[in-house]
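coords-v6.txt, holding compact mmCIF, C-alpha atoms:
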# COMPACT_ATOMS: atom_id res chain seq x y z
CA MET P 1 8.20 -24.90 18.42
CA ILE P 2 7.65 -21.58 16.65
CA ASP P 3 10.98 -20.01 15.73
CA PHE P 4 10.59 -16.26 15.38
CA ALA P 5 14.30 -15.62 14.89
CA VAL P 6 14.59 -13.10 12.06
CA PRO P 7 17.18 -14.03 9.42
CA ALA P 8 19.77 -11.33 8.84
CA SER P 9 18.78 -10.92 5.19
CA LEU P 10 15.12 -10.35 6.12
CA ALA P 11 16.04 -7.89 8.89
CA GLU P 12 18.17 -6.02 6.37
CA LEU P 13 15.30 -5.88 3.87
CA ALA P 14 12.85 -4.61 6.51
CA ALA P 15 15.36 -1.96 7.58
CA ARG P 16 15.83 -0.89 3.97
CA VAL P 17 12.07 -0.60 3.51
CA ARG P 18 11.71 1.41 6.71
CA ASP P 19 14.50 3.79 5.65
CA PHE P 20 13.00 4.13 2.16
CA VAL P 21 9.55 4.99 3.55
CA ALA P 22 10.95 7.40 6.16
CA THR P 23 13.23 9.29 3.78
CA ARG P 24 11.51 9.08 0.38
CA ILE P 25 7.79 8.62 1.10
CA VAL P 26 7.02 10.50 4.32
CA PRO P 27 7.65 13.89 2.61
CA TYR P 28 4.71 13.14 0.28
CA GLU P 29 2.35 13.20 3.27
CA ARG P 30 2.14 16.98 2.79
CA ASP P 31 1.53 16.70 -0.95
CA PRO P 32 -1.73 18.39 -2.02
CA ARG P 33 -2.46 15.33 -4.16
CA LEU P 34 -3.22 13.48 -0.91
CA THR P 35 -6.87 14.49 -0.83
CA HIS P 36 -9.88 13.72 1.33
CA HIS P 37 -10.58 10.90 -1.13
CA GLY P 38 -7.09 9.49 -0.70
CA PRO P 39 -4.05 9.80 -2.97
CA THR P 40 -4.85 10.72 -6.53
CA ASP P 41 -3.69 8.50 -9.37
CA GLU P 42 -1.12 11.16 -10.19
CA LEU P 43 0.36 10.94 -6.69
CA ARG P 44 0.28 7.15 -6.81
CA THR P 45 2.25 7.21 -10.06
CA ALA P 46 4.92 9.37 -8.42
CA LEU P 47 5.08 7.09 -5.38
CA VAL P 48 5.32 3.93 -7.47
CA ALA P 49 8.19 5.49 -9.41
CA GLU P 50 10.06 6.00 -6.12
CA ALA P 51 9.62 2.34 -5.14
CA ARG P 52 10.53 1.12 -8.60
CA ALA P 53 13.76 3.14 -8.52
CA ALA P 54 14.56 1.70 -5.08
CA GLY P 55 13.94 -1.88 -6.23
CA LEU P 56 11.08 -2.27 -3.74
CA LEU P 57 8.04 -2.51 -6.01
CA THR P 58 5.55 -5.34 -5.38
CA PRO P 59 7.85 -7.40 -3.12
CA GLN P 60 5.06 -9.89 -2.33
CA ALA P 61 4.75 -11.08 -5.95
CA PRO P 62 6.17 -14.49 -6.88
CA LYS P 63 9.72 -14.46 -8.16
CA LYS P 64 8.58 -15.74 -11.57
CA TRP P 65 6.68 -12.46 -12.01
CA GLY P 66 9.44 -10.18 -10.73
CA GLY P 67 8.70 -10.06 -7.00
CA LEU P 68 10.62 -11.38 -4.02
CA GLY P 69 8.25 -14.28 -3.35
CA LEU P 70 7.95 -13.44 0.34
CA SER P 71 6.27 -15.91 2.69
CA HIS P 72 3.44 -14.70 4.93
CA LEU P 73 5.82 -14.35 7.88
CA GLU P 74 8.37 -12.49 5.77
CA GLN P 75 5.63 -10.18 4.55
CA ALA P 76 4.78 -9.43 8.18
CA LEU P 77 8.11 -7.72 8.73
CA VAL P 78 8.29 -5.99 5.36
CA PHE P 79 4.69 -4.74 5.35
CA GLU P 80 5.01 -3.42 8.90
CA ALA P 81 8.04 -1.43 7.78
CA ALA P 82 6.12 -0.19 4.71
CA GLY P 83 3.22 0.91 6.94
CA TRP P 84 5.40 3.48 8.74
CA SER P 85 3.63 5.87 6.38
CA THR P 86 0.13 5.15 5.09
CA LEU P 87 1.59 6.04 1.68
CA GLY P 88 4.34 3.40 2.01
CA PRO P 89 2.20 0.43 0.88
CA VAL P 90 0.78 2.57 -1.95
CA ALA P 91 4.30 3.29 -3.18
CA MET P 92 5.43 -0.33 -2.90
CA ASN P 93 2.28 -1.65 -4.59
CA CYS P 94 1.32 -3.78 -1.59
CA ALA P 95 -1.70 -1.78 -0.42
CA ALA P 96 -5.32 -2.88 -0.37
CA PRO P 97 -7.23 -3.76 -2.44
CA ASP P 98 -4.51 -4.42 -5.04
CA GLU P 99 -2.40 -6.69 -2.85
CA GLY P 100 -5.34 -8.97 -2.01
CA ASN P 101 -6.53 -8.98 -5.60
CA MET P 102 -3.07 -9.91 -6.86
CA PHE P 103 -3.05 -12.79 -4.38
CA LEU P 104 -6.41 -14.04 -5.65
CA LEU P 105 -5.58 -13.66 -9.34
CA GLY P 106 -2.29 -15.46 -8.79
CA ARG P 107 -4.26 -18.51 -7.71
CA LEU P 108 -7.29 -18.40 -10.00
CA ALA P 109 -6.46 -16.57 -13.22
CA ARG P 110 -5.88 -18.44 -16.46
CA PRO P 111 -2.64 -17.66 -18.35
CA ASP P 112 -4.44 -15.19 -20.65
CA GLN P 113 -6.00 -13.45 -17.63
CA VAL P 114 -2.62 -13.28 -15.92
CA GLU P 115 -1.14 -11.59 -18.98
CA ALA P 116 -3.99 -9.12 -19.47
CA PHE P 117 -4.91 -8.27 -15.87
CA LEU P 118 -2.38 -9.46 -13.28
CA LEU P 119 1.03 -8.66 -14.74
CA PRO P 120 0.19 -4.98 -15.38
CA MET P 121 -0.81 -4.76 -11.71
CA ILE P 122 2.43 -6.35 -10.53
CA ARG P 123 4.35 -3.86 -12.65
CA GLY P 124 2.47 -1.03 -10.95
CA GLU P 125 0.83 0.06 -14.19
CA ARG P 126 -2.76 -0.65 -13.18
CA ARG P 127 -4.95 -0.62 -10.10
CA SER P 128 -7.81 -2.96 -9.26
CA VAL P 129 -11.08 -3.26 -7.39
CA PHE P 130 -12.98 -6.08 -5.70
CA ALA P 131 -16.62 -5.18 -6.29
CA MET P 132 -18.69 -7.16 -3.80
CA THR P 133 -20.27 -4.82 -1.22
CA GLU P 134 -23.80 -3.58 -1.94
CA PRO P 135 -26.18 -1.06 -0.37
CA GLY P 136 -28.68 -3.80 0.45
CA GLY P 137 -26.33 -5.72 2.73
CA ALA P 138 -23.94 -7.87 0.69
CA GLY P 139 -20.62 -7.25 2.40
CA SER P 140 -20.06 -8.90 5.74
CA ASP P 141 -22.99 -11.11 4.71
CA PRO P 142 -22.32 -11.96 1.04
CA GLY P 143 -25.34 -14.24 1.11
CA GLN P 144 -27.42 -11.11 0.46
CA LEU P 145 -25.73 -10.64 -2.92
CA ALA P 146 -28.29 -8.99 -5.21
CA THR P 147 -26.26 -8.20 -8.35
CA THR P 148 -27.38 -10.59 -11.07
CA ALA P 149 -25.69 -12.11 -14.10
CA THR P 150 -28.06 -13.45 -16.74
CA PHE P 151 -26.49 -15.99 -19.12
CA ASP P 152 -28.05 -16.56 -22.55
CA GLY P 153 -25.55 -19.16 -23.67
CA HIS P 154 -23.29 -16.58 -25.32
CA SER P 155 -22.71 -13.81 -22.78
CA TYR P 156 -23.49 -12.66 -19.25
CA ARG P 157 -25.52 -9.50 -18.70
CA ILE P 158 -24.70 -8.06 -15.27
CA GLU P 159 -27.03 -5.69 -13.44
CA GLY P 160 -26.69 -4.29 -9.94
CA ARG P 161 -25.36 -1.60 -7.67
CA LYS P 162 -22.25 -1.62 -5.52
CA TRP P 163 -20.91 0.79 -2.95
CA LEU P 164 -17.84 1.31 -0.78
CA ILE P 165 -15.87 0.06 -3.80
CA THR P 166 -12.32 1.08 -2.98
CA GLY P 167 -10.27 2.64 -5.76
CA ALA P 168 -13.00 2.32 -8.40
CA LYS P 169 -12.21 5.63 -10.09
CA GLY P 170 -9.48 4.95 -12.64
CA ALA P 171 -9.01 1.26 -11.82
CA ARG P 172 -8.57 -1.02 -14.85
CA THR P 173 -8.66 -4.53 -13.33
CA TRP P 174 -12.14 -5.24 -11.98
CA ILE P 175 -13.20 -8.33 -10.05
CA ILE P 176 -16.99 -8.28 -9.80
CA MET P 177 -19.17 -10.60 -7.73
CA ALA P 178 -22.59 -11.37 -9.16
CA ARG P 179 -25.15 -14.13 -8.80
CA VAL P 180 -25.60 -16.10 -12.01
CA ALA P 181 -29.30 -16.79 -12.44
CA GLU P 182 -30.61 -20.26 -13.15
CA ASN P 183 -30.30 -20.98 -16.85
CA PRO P 184 -30.46 -23.96 -19.24
CA HIS P 185 -26.90 -23.41 -20.45
CA GLY P 186 -24.79 -24.22 -17.40
CA ARG P 187 -24.14 -23.67 -13.72
CA ASP P 188 -25.50 -20.82 -11.62
CA GLY P 189 -24.75 -19.19 -8.29
CA PRO P 190 -22.38 -16.53 -6.92
CA THR P 191 -19.59 -15.99 -9.43
CA LEU P 192 -16.53 -13.75 -9.90
CA PHE P 193 -16.07 -11.93 -13.20
CA LEU P 194 -12.87 -10.28 -14.42
CA CYS P 195 -12.97 -7.33 -16.80
CA ASP P 196 -11.45 -3.99 -17.74
CA GLY P 197 -12.76 -1.00 -15.83
CA GLN P 198 -13.37 0.84 -19.10
CA THR P 199 -15.91 -1.77 -20.28
CA PRO P 200 -19.28 -0.14 -21.13
CA GLY P 201 -21.81 -0.80 -18.41
CA ILE P 202 -19.59 0.13 -15.44
CA VAL P 203 -20.82 3.51 -14.21
CA ILE P 204 -19.19 5.29 -11.28
CA GLU P 205 -22.03 7.33 -9.79
CA ARG P 206 -20.06 9.22 -7.17
CA LEU P 207 -17.25 9.13 -4.64
CA MET P 208 -18.30 8.67 -1.02
CA ASN P 209 -16.99 11.02 1.65
CA SER P 210 -15.37 8.87 4.35
CA MET P 211 -13.25 9.23 7.47
CA ASP P 212 -10.22 7.59 5.94
CA ARG P 213 -8.02 8.91 3.15
CA ASN P 214 -5.29 6.34 2.66
CA TYR P 215 -6.82 4.43 -0.30
CA VAL P 216 -6.12 5.64 -3.84
CA GLU P 217 -9.12 7.56 -5.20
CA GLY P 218 -11.26 6.69 -2.18
CA HIS P 219 -14.50 4.69 -2.20
CA ALA P 220 -17.23 4.83 -4.83
CA VAL P 221 -20.84 4.00 -5.54
CA VAL P 222 -20.96 1.97 -8.77
CA ARG P 223 -23.87 1.05 -11.02
CA LEU P 224 -23.57 -2.02 -13.25
CA GLN P 225 -26.04 -1.46 -16.04
CA GLY P 226 -26.05 -3.64 -19.12
CA LEU P 227 -22.51 -4.82 -18.45
CA THR P 228 -22.09 -7.60 -21.00
CA LEU P 229 -19.20 -10.04 -20.61
CA PRO P 230 -18.22 -13.24 -22.44
CA PRO P 231 -17.86 -16.61 -20.68
CA SER P 232 -14.07 -16.07 -20.77
CA ALA P 233 -14.56 -13.28 -18.21
CA VAL P 234 -15.46 -15.78 -15.48
CA LEU P 235 -12.71 -15.96 -12.86
CA GLY P 236 -12.33 -19.53 -11.68
CA GLU P 237 -15.59 -21.46 -11.89
CA VAL P 238 -19.22 -20.38 -11.96
CA GLY P 239 -20.89 -20.65 -8.55
CA GLU P 240 -17.69 -20.59 -6.49
CA ALA P 241 -17.44 -16.89 -5.60
CA PHE P 242 -17.99 -17.31 -1.85
CA ARG P 243 -15.23 -19.91 -1.61
CA TYR P 244 -12.86 -17.71 -3.60
CA ALA P 245 -13.70 -14.69 -1.42
CA GLN P 246 -12.71 -16.70 1.65
CA MET P 247 -9.49 -17.72 -0.12
CA ARG P 248 -8.71 -14.03 -0.53
CA LEU P 249 -9.89 -12.84 2.89
CA ALA P 250 -7.66 -14.82 5.28
CA PRO P 251 -4.32 -13.53 3.92
CA ALA P 252 -5.81 -10.08 3.19
CA ARG P 253 -6.87 -9.73 6.83
CA MET P 254 -3.31 -10.40 7.88
CA THR P 255 -1.68 -7.98 5.46
CA HIS P 256 -4.07 -5.29 6.70
CA CYS P 257 -2.88 -6.06 10.23
CA MET P 258 0.77 -5.87 9.16
CA ARG P 259 0.47 -2.48 7.47
CA TRP P 260 -1.55 -0.90 10.26
CA LEU P 261 0.88 -2.19 12.87
CA GLY P 262 3.50 -0.05 11.14
CA ALA P 263 1.23 3.00 11.19
CA ALA P 264 0.33 2.54 14.87
CA SER P 265 4.02 2.17 15.71
CA ARG P 266 4.64 5.48 13.94
CA ALA P 267 1.93 7.15 16.04
CA GLN P 268 3.51 5.73 19.19
CA SER P 269 6.93 7.11 18.23
CA ILE P 270 5.42 10.57 17.70
CA ALA P 271 3.64 10.41 21.06
CA ILE P 272 6.84 9.33 22.85
CA ALA P 273 8.81 12.17 21.29
CA HIS P 274 6.11 14.61 22.40
CA ALA P 275 6.05 13.18 25.93
CA ARG P 276 9.80 13.62 26.20
CA THR P 277 9.89 17.25 25.09
CA ARG P 278 6.58 18.79 26.16
CA THR P 279 6.54 19.89 29.83
CA ALA P 280 3.68 20.37 32.26
CA PHE P 281 3.75 21.17 35.97
CA GLY P 282 7.52 21.34 36.07
CA LYS P 283 8.53 18.16 34.25
CA PRO P 284 8.18 16.34 30.91
CA LEU P 285 4.77 14.86 30.21
CA GLY P 286 6.21 11.37 30.11
CA GLU P 287 7.28 11.60 33.72
CA HIS P 288 3.65 11.95 34.79
CA GLN P 289 2.28 8.55 35.59
CA GLY P 290 -0.95 9.11 33.68
CA VAL P 291 0.96 9.70 30.44
CA SER P 292 3.60 7.03 31.01
CA PHE P 293 0.87 4.46 31.61
CA LEU P 294 -0.79 5.36 28.30
CA LEU P 295 2.51 4.84 26.47
CA ALA P 296 3.16 1.60 28.36
CA GLU P 297 -0.29 0.27 27.43
CA ASN P 298 0.46 1.15 23.84
CA GLU P 299 3.69 -0.79 23.92
CA ILE P 300 1.88 -3.83 25.30
CA ASP P 301 -0.79 -3.63 22.61
CA LEU P 302 1.82 -3.29 19.85
CA LYS P 303 3.73 -6.31 21.16
CA VAL P 304 0.60 -8.48 21.45
CA ALA P 305 -0.54 -7.43 17.97
CA ARG P 306 2.83 -8.32 16.49
CA LEU P 307 2.84 -11.74 18.14
CA LEU P 308 -0.69 -12.49 16.94
CA ILE P 309 0.29 -11.55 13.39
CA TRP P 310 3.48 -13.59 13.43
CA GLU P 311 1.85 -16.69 14.94
CA THR P 312 -0.99 -16.64 12.40
CA CYS P 313 1.42 -16.12 9.51
CA TRP P 314 3.56 -18.98 10.81
CA ARG P 315 0.52 -21.25 10.62
CA MET P 316 -0.31 -20.09 7.11
CA ASP P 317 3.25 -20.74 5.95
CA ARG P 318 2.95 -24.30 7.34
CA GLY P 319 -0.02 -24.85 5.04
CA GLU P 320 -2.65 -24.74 7.78
CA LYS P 321 -6.09 -23.38 6.99
CA ALA P 322 -5.97 -20.27 9.12
CA ARG P 323 -9.47 -18.89 8.63
CA HIS P 324 -10.24 -19.16 12.35
CA GLU P 325 -6.86 -17.78 13.45
CA SER P 326 -7.04 -14.90 10.97
CA SER P 327 -10.47 -13.96 12.36
CA ILE P 328 -9.02 -13.89 15.88
CA ALA P 329 -6.04 -11.83 14.73
CA LYS P 330 -8.11 -9.36 12.68
CA ALA P 331 -10.59 -8.78 15.51
CA GLU P 332 -7.97 -8.35 18.23
CA VAL P 333 -5.29 -6.50 16.27
CA SER P 334 -7.71 -3.93 14.85
CA GLU P 335 -9.09 -3.14 18.31
CA ARG P 336 -5.65 -2.94 19.92
CA LEU P 337 -4.16 -0.73 17.22
CA PHE P 338 -7.10 1.65 17.34
CA ARG P 339 -6.60 1.97 21.10
CA VAL P 340 -2.95 2.77 20.44
CA ALA P 341 -3.89 5.59 18.07
CA ASP P 342 -6.53 6.88 20.49
CA ARG P 343 -4.03 7.02 23.36
CA CYS P 344 -1.53 8.80 21.12
CA VAL P 345 -4.09 11.51 20.42
CA GLN P 346 -4.63 11.78 24.18
CA VAL P 347 -0.90 12.13 24.87
CA LEU P 348 -0.55 14.81 22.20
CA GLY P 349 -3.49 16.74 23.61
CA GLY P 350 -5.05 19.41 21.41
CA ILE P 351 -2.31 19.12 18.82
CA GLY P 352 -3.29 15.47 18.37
CA THR P 353 -6.63 16.51 16.86
CA THR P 354 -4.93 18.62 14.17
CA ASP P 355 -2.90 17.77 11.09
CA GLU P 356 0.28 19.14 12.68
CA THR P 357 1.23 15.46 12.95
CA VAL P 358 0.00 12.40 11.07
CA VAL P 359 -1.46 10.93 14.25
CA GLU P 360 -4.94 12.31 13.58
CA MET P 361 -4.91 10.77 10.09
CA ILE P 362 -3.72 7.42 11.45
CA TYR P 363 -6.46 7.60 14.09
CA ARG P 364 -9.19 8.17 11.48
CA ASP P 365 -7.85 5.51 9.15
CA LEU P 366 -7.51 2.95 11.94
CA ARG P 367 -11.15 3.50 12.86
CA GLY P 368 -12.04 2.14 9.44
CA PHE P 369 -9.76 -0.87 9.97
CA ARG P 370 -12.13 -2.11 12.68
CA LEU P 371 -14.80 -2.46 9.97
CA TYR P 372 -13.36 -3.56 6.66
CA ASP P 373 -12.60 -7.22 5.95
CA GLY P 374 -15.28 -7.90 8.54
CA PRO P 375 -16.19 -5.81 11.61
CA THR P 376 -15.03 -7.11 14.96
CA GLU P 377 -18.52 -8.29 15.90
CA VAL P 378 -18.82 -10.47 12.78
CA HIS P 379 -15.48 -12.09 13.54
CA LYS P 380 -16.52 -12.72 17.14
CA HIS P 381 -19.74 -14.29 15.88
CA ALA P 382 -17.76 -16.63 13.61
CA ILE P 383 -15.29 -17.47 16.38
CA GLY P 384 -18.09 -18.19 18.86
CA ARG P 385 -19.98 -20.34 16.35
CA ARG P 386 -16.87 -22.44 15.73
CA LEU P 387 -16.31 -22.86 19.47
CA MET P 388 -19.85 -24.15 19.89
CA ARG P 389 -19.25 -26.61 17.07
CA ASP P 390 -15.67 -27.78 17.73
CA GLY P 391 -14.61 -26.52 21.13
CA SER P 392 -11.27 -24.85 21.76
CA ASP P 393 -7.94 -26.19 20.53
CA PHE P 394 -6.43 -25.14 23.83
CA THR P 395 -8.94 -26.67 26.21
CA ALA P 396 -9.87 -29.89 24.46
CA THR P 397 -8.02 -32.98 25.62
CA PRO P 398 -6.34 -34.61 22.62
CA THR P 399 -6.68 -38.32 22.08
CA ALA P 400 -4.07 -40.61 20.60
CA THR P 401 -5.54 -40.08 17.14
CA GLU P 402 -6.21 -36.34 17.49
CA PRO P 403 -3.35 -33.92 16.79
CA LEU P 404 -2.56 -31.40 19.49
CA ALA P 405 -3.07 -28.41 17.21
CA ARG P 406 -5.91 -29.10 14.81
CA ALA P 407 -5.96 -27.11 11.62
CA ALA P 408 -8.64 -24.43 11.68
CA GLU P 409 -11.73 -24.92 9.52
Please go through the file and, once you have read it, give me the structure as structure tokens.
Amino acid sequence: MIDFAVPASLAELAARVRDFVATRIVPYERDPRLTHHGPTDELRTALVAEARAAGLLTPQAPKKWGGLGLSHLEQALVFEAAGWSTLGPVAMNCAAPDEGNMFLLGRLARPDQVEAFLLPMIRGERRSVFAMTEPGGAGSDPGQLATTATFDGHSYRIEGRKWLITGAKGARTWIIMARVAENPHGRDGPTLFLCDGQTPGIVIERLMNSMDRNYVEGHAVVRLQGLTLPPSAVLGEVGEAFRYAQMRLAPARMTHCMRWLGAASRAQSIAIAHARTRTAFGKPLGEHQGVSFLLAENEIDLKVARLLIWETCWRMDRGEKARHESSIAKAEVSERLFRVADRCVQVLGGIGTTDETVVEMIYRDLRGFRLYDGPTEVHKHAIGRRLMRDGSDFTATPTATEPLARAAE
């Protein structure tokens, strides 16, 4: 049986995070340093200082590195509370892509890489990027990876072009995916490299104008030209990049869901307050069935999203491989939360399309959530392919030797 009873200490922590975000971070939403390319590094530094002073910086990090060592299910409550403002996760150093990159480095990095690249991130001193997506198609389909790494026995020379690289401007910890070419000196294949963002050969061509503005320094087009790295820059093993990317993606999908659940809940609270106070045709908007139904549908979607997140995190904490479940959760939660934001705009009417409230920003940012870490259609394709191969855990009849709930892929 799944026990979703929330321990008092965890409920207290989530409440403290929610209060911190509401009182200390929400006022920064009007800061001019929140630009159309997201928060500037200067604003991020100010936000991180707030979280550090409150003792809430990088709570997801292992205790040995100064964090709280939260389980996936514990993160679900804390990250939802942090997401009450889109700046909350930035302040607490648990926003994408840094949170997912810290997770990956914590499992793959050698001790020297931990010291040089991971610990400064945990302390909030550095940001990171995960440079995989390319103009030619490598993104949802990493098999199209075109960036090459040529190894001469002494160093790797990396050439290629990346785009939609979140937070590239000013980031110091870079994880770069490139395909090691066949060579007589060792293994080849898709590989992750770890280096400093100031290494010669990393050229930020331009920032891309996008709908969202919740990621620090936005999204960039990057050219890798003559980037030369030693064998010690390899993260993990040569040829294993796709496996490592999957290792990162399942928990990263879920933390995205957690944070955006908080933001959608904020939009719902704003819409409810508006429906209670704004009148039309002689009574509050919320007393009109059309509006009350929109708010009720929102509440249903928020509840279902929360349950999907919690159930998937419960499986992950049990040690199950939750790739399949995280695909289901990412696809469904992103669609439901976007509908919540869309209905909130509808309830607010004309004011919902302006920046008089944060609902319009949440709406635009949530539209992006339906795409990153895999668009809904890609997840449905993967889910359908698995069903054709294995059937459904809930319709198959278990045998005496087959467990009732098989671990996913």
Contact residues around P:Met102 with only C-alpha atoms at 9 Å, ignoring same-chain residues under 4 positions, as a tab-separated table (two decimals) with C-alpha atoms, in the coordinates of the input:
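Now in selection39.tsv:
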chain	number	residue	atom	x	y	z
P	61	ALA	CA	4.75	-11.08	-5.95
P	97	PRO	CA	-7.23	-3.76	-2.44
P	98	ASP	CA	-4.51	-4.42	-5.04
P	106	GLY	CA	-2.29	-15.46	-8.79
P	107	ARG	CA	-4.26	-18.51	-7.71
P	118	LEU	CA	-2.38	-9.46	-13.28
P	119	LEU	CA	1.03	-8.66	-14.74
P	121	MET	CA	-0.81	-4.76	-11.71
P	122	ILE	CA	2.43	-6.35	-10.53
P	128	SER	CA	-7.81	-2.96	-9.26
One-decimal distance in Å that lies between atom CA of P:His72 and atom CA of P:Thr191: 27.2 Å
Residue contacts of stretch 175-184 of chain P (6 Å, only C-alpha atoms) excluding same-chain residues fewer than 4 positions away, as a PyMOL selection string: chain P and resi 130-132+147-150+188-194
Shell of 12 Å around P:Leu164, all atoms listed in the file, local chain residues under 2 positions omitted, as an MDAnalysis selection string: chainID P and resid 97 129:135 137:139 161:162 166:169 204:210 212 215 217:223 368 371:372
Mind checking which residues fall within 10 Å of P:Ala46, counting only C-alpha atoms, ignoring those fewer than 6 positions away in the same chain, and posting them as a PDB file with C-alpha atoms, in the frame of the given file?
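Output (around17.pdb):
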ATOM      1  CA  ILE P  25       7.790   8.620   1.100  1.00  0.00           C
ATOM      2  CA  TYR P  28       4.710  13.140   0.280  1.00  0.00           C
ATOM      3  CA  ARG P  52      10.530   1.120  -8.600  1.00  0.00           C
ATOM      4  CA  ALA P  91       4.300   3.290  -3.180  1.00  0.00           C
TER       5      ALA P  91
END
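Separating atom CA of P:Trp314 from atom CA of P:Ala329 is a distance of 12.6 Å.
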Contacts of P:Thr86 at 12 Å (all atoms listed in the file; same-chain gap of 2+ positions) as a PyMOL selection string: chain P and resi 21-22+25-29+34+38-39+47+79-84+88-92+94-96+212-216+256+258-267+358-359+361-366
Atom pair atom CA of P:Cys195 / atom CA of P:Ala171: separation (Å): 10.7 Å
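In terms of minimum interatomic distance to P:Phe117, P:Asp196 ranks closest within P:Glu297, P:Glu74, P:Asp41, P:Asp196, counting only C-alpha atoms.
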Proximity to P:Ala280 - best of P:Val347, P:Leu145, P:Leu56, P:Leu10, all atoms listed in the file: P:Val347
Nearest candidate to P:Ala51 (options P:Gly201, P:Pro7, P:Gly124, P:Pro32; using only C-alpha atoms): P:Gly124
Padding 6 Å on each side, edges along x, y and z: where is the centre of the box around the listed atoms of stretch 146-162 of chain P, and how long are its edges in Å to one decimal? Output it as lines of an AutoDock Vina configuration file.
center_x = -25.3
center_y = -10.4
center_z = -15.3
size_x = 18.0
size_y = 29.6
size_z = 32.1
